[in-house]
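Peer 1: Encoded as structure tokens, here's the structure I'll be asking about.
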Amino acid sequence: MNTFKNAQRVQESFLSGLEKKTLVRLAQRTPAFINSDHLTALGLVAMFGAGFGYWVAGSHPALGLSLATLCLALNWLGDSLDGTLARVRNKLRPRYGFYVDHVVDMLGALFLLGGLALSGYMSAPVAGGLVIAFLMLSINSYLATYTMGKFQISFGGFSPTELRILLAIGNVFLFWKPHTVLFGQRFLLFDAGGVAGIVGMTVLLIALIARNTAQLYREEPIA
């Protein structure tokens, strides 16, 4: 079997220190019959549940948004704890874990944003734009992991954990006020946030491409 070099994980989000300590404690207390694959499956099912919750929220706001928020919390537990549990138990499978985790992330994004597009709280073009921006950022991250040996998890102080919290807070506002007014025009609240997210991810992607290209150019000069 070929030797596999695990990439350096870079996570410098606002909550990374607290989150790491919390996850280690949870891993140490996790029953032996639960393994990392169970947690990964929980994360995927929970993200499907979040998308389903948003779809339900279109006709039953309180029920659907409550379900979506609960599933976001369960997704954090499954998605964040699976790798920590493997490290604490010294049962790492780097290639398998990297591949499966990011396939699950891809499917989870489709479930979540598909549910939002069906909910009426976010228009389909904005949801589609977010999926495209997320997948482009993901592709860049995976290419950088392969070529530079560094896997960037957080950007500008934000990681998936902080984004889940922002989305959960948004759900509270969504229940009471699903629309907002900007520049004298009325928009869906999540459309405004989604467009801001698309712009932010696009700017971040351009900056990362420029930085990574420059670094690789310097590290591989023409002989």
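Residue numbers start at 1 in each chain; chains themselves are named A, B, ... in the order of the structure tokens; ligands are numbered from 1 in the order shown.
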Please, which residues of segment 13-42 of chain A, numbered as in this document, come out helix (DSSP H, G or I) from DSSP, as a compact mmCIF listing (two decimals) with N, CA and C atoms, in the first residue's frame?

Peer 2:
# COMPACT_ATOMS: atom_id res chain seq x y z
N SER A 16 -12.59 27.74 17.87
CA SER A 16 -11.82 26.49 17.68
C SER A 16 -11.24 25.95 18.99
N GLY A 17 -10.73 26.83 19.86
CA GLY A 17 -10.14 26.37 21.12
C GLY A 17 -11.16 25.71 22.02
N LEU A 18 -12.28 26.38 22.23
CA LEU A 18 -13.35 25.83 23.05
C LEU A 18 -13.93 24.57 22.43
N GLU A 19 -14.10 24.59 21.12
CA GLU A 19 -14.69 23.44 20.42
C GLU A 19 -13.79 22.21 20.55
N LYS A 20 -12.49 22.39 20.40
CA LYS A 20 -11.57 21.26 20.48
C LYS A 20 -11.62 20.61 21.86
N LYS A 21 -11.61 21.42 22.92
CA LYS A 21 -11.67 20.87 24.28
C LYS A 21 -12.99 20.13 24.51
N THR A 22 -14.08 20.71 24.01
CA THR A 22 -15.40 20.10 24.18
C THR A 22 -15.46 18.76 23.46
N LEU A 23 -14.94 18.71 22.24
CA LEU A 23 -15.00 17.48 21.45
C LEU A 23 -14.15 16.37 22.08
N VAL A 24 -12.99 16.72 22.61
CA VAL A 24 -12.15 15.71 23.26
C VAL A 24 -12.88 15.12 24.47
N ARG A 25 -13.51 15.97 25.26
CA ARG A 25 -14.26 15.48 26.43
C ARG A 25 -15.43 14.59 26.00
N LEU A 26 -16.13 14.99 24.94
CA LEU A 26 -17.23 14.17 24.45
C LEU A 26 -16.72 12.83 23.93
N ALA A 27 -15.58 12.86 23.23
CA ALA A 27 -15.02 11.62 22.70
C ALA A 27 -14.62 10.66 23.81
N GLN A 28 -14.07 11.21 24.88
CA GLN A 28 -13.64 10.37 26.00
C GLN A 28 -14.83 9.72 26.71
N SER A 36 -16.72 6.08 14.76
CA SER A 36 -16.69 7.27 13.91
C SER A 36 -17.67 7.19 12.74
N ASP A 37 -17.85 5.99 12.18
CA ASP A 37 -18.78 5.84 11.06
C ASP A 37 -20.21 6.15 11.49
N HIS A 38 -20.57 5.77 12.71
CA HIS A 38 -21.91 6.09 13.22
C HIS A 38 -22.11 7.60 13.29
N LEU A 39 -21.07 8.31 13.74
CA LEU A 39 -21.17 9.76 13.87
C LEU A 39 -21.22 10.44 12.50
N THR A 40 -20.44 9.92 11.55
CA THR A 40 -20.49 10.47 10.20
C THR A 40 -21.88 10.30 9.60
N ALA A 41 -22.47 9.11 9.80
CA ALA A 41 -23.82 8.86 9.31
C ALA A 41 -24.82 9.80 9.99
N LEU A 42 -24.64 10.03 11.30
CA LEU A 42 -25.51 10.97 12.02
C LEU A 42 -25.43 12.35 11.39

Peer 1: Sorted by chain and rising residue number, list the residues of segment 7-117 of chain A at most 7 Å from segment 127-141 of chain A (counting only C-alpha atoms), each with its closest atom pair and distance in Å to one decimal, as a tab-separated table.

Peer 2:
residue	atom	partner	partner_atom	distance
A:Ala109	CA	A:Val131	CA	6.8
A:Leu110	CA	A:Val131	CA	6.9
A:Leu113	CA	A:Ala127	CA	5.6
A:Ala117	CA	A:Ala127	CA	5.8

Peer 1: Mind pulling up the distance from atom CA of Phe52 of chain A to atom CA of Phe190 of chain A?

Peer 2: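 Atom-to-atom, atom CA of Phe190 of chain A and atom CA of Phe52 of chain A are spaced 16.7 Å apart.
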
Peer 1: Report the distance between atom CA of Ala46 of chain A and atom CA of Ile153 of chain A in Å, rounded to one decimal place.

Peer 2: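 Separation of atom CA of Ala46 of chain A and atom CA of Ile153 of chain A: 20.5 Å.
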
Peer 1: Within 10 Å of Ala192 of chain A, counting only C-alpha atoms, which residues qualify if same-chain residues fewer than 2 places away don't, as number ranges by chain?

Peer 2: A: 122, 126, 179-182, 186-190, 194-197

Peer 1: Next, write the just-selected residues to a file, as a short mmCIF file (atom, residue, chain, number, x, y, z; two decimals), in the first residue's frame, keeping C-alpha atoms as the atom set.

Peer 2:
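Now in out09.cif:
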data_model
loop_
_atom_site.label_atom_id
_atom_site.label_comp_id
_atom_site.auth_asym_id
_atom_site.auth_seq_id
_atom_site.Cartn_x
_atom_site.Cartn_y
_atom_site.Cartn_z
CA MET A 122 -34.74 31.53 -0.02
CA VAL A 126 -29.65 32.25 -4.51
CA HIS A 179 -38.22 39.75 4.97
CA THR A 180 -35.85 42.70 5.21
CA VAL A 181 -35.61 46.09 3.51
CA LEU A 182 -32.38 47.15 1.80
CA ARG A 186 -38.05 44.42 0.19
CA PHE A 187 -36.11 41.13 0.06
CA LEU A 188 -36.32 37.72 1.64
CA LEU A 189 -34.07 37.78 4.71
CA PHE A 190 -32.22 34.63 3.66
CA GLY A 194 -27.30 34.31 0.81
CA VAL A 195 -26.17 36.98 -1.64
CA ALA A 196 -23.78 38.34 1.00
CA GLY A 197 -22.47 34.79 1.45
#

Peer 1: When you look at segment 213-215 of chain A with a cut-off of 12 Å (counting only C-alpha atoms), what residues show up, excluding the ones that are within fewer than 4 positions of it in the same chain? I need them as a VMD selection string.

Peer 2: chain A and resid 140 143 to 144 147 to 148 205 to 209 219 to 221

Peer 1: From the options A:Tyr99, A:Phe14, A:Tyr217, A:Phe175, which residue's atoms come nearest to Gly58 of chain A, counting only C-alpha atoms?

Peer 2: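 For Gly58 of chain A, the nearest of the given residues is A:Phe175.
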
Peer 1: Go ahead and compute the interatomic distance for atom CA of Trp55 of chain A and atom CA of Leu116 of chain A, in Å to one decimal.

Peer 2: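 Between atom CA of Trp55 of chain A and atom CA of Leu116 of chain A the gap works out to 6.5 Å.
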
Peer 1: Hey, what's within 10 Å of Gly156 of chain A if we count only C-alpha atoms and toss same-chain stuff fewer than 5 positions away? As a PDB file with C-alpha atoms, in the first residue's frame, please?

Peer 2:
ATOM      1  CA  GLU A  12      -8.166  29.128  13.544  1.00  0.00           C
ATOM      2  CA  SER A  13     -11.824  30.012  13.949  1.00  0.00           C
ATOM      3  CA  PHE A  14     -13.272  32.072  16.782  1.00  0.00           C
ATOM      4  CA  LEU A 204     -12.315  34.639  -0.581  1.00  0.00           C
TER       5      LEU A 204
END

Peer 1: Out of A:Gly120, A:Met201, A:Gly157, A:Thr145, which residue has the shortest atom-to-atom distance to Ser59 of chain A when counting only C-alpha atoms?

Peer 2: A:Gly120

Peer 1: Quick one: residues within 8 Å of segment 48-50 of chain A, only C-alpha atoms, excluding same-chain residues fewer than 6 positions away - as a list in words?

Peer 2: Leu67, Ala68, Thr69, Leu70, Cys71, Leu72, Gly108, Phe111, Leu112 and Gly115 of chain A

Peer 1: Excluding same-chain residues fewer than 2 positions from Val100 of chain A, what lies within 12 Å of it counting only C-alpha atoms, as a list in words?

Peer 2: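 Here the qualifying residues turn out to be Ser36, Asp37, Leu39, Thr40, Ala41, Gly43, Leu44, Asp79, Asp82, Gly83, Arg93, Pro94, Arg95, Tyr96, Gly97, Phe98, His102, Val103, Val104, Asp105, Met106, Leu107 and Gly108 of chain A.
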
Peer 1: Between A:Met47, A:Arg9, A:Leu15, A:Arg87, which residue has the minimum interatomic distance to Leu74 of chain A, considering only C-alpha atoms?

Peer 2: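 Among the listed residues, A:Met47 lies closest to Leu74 of chain A.
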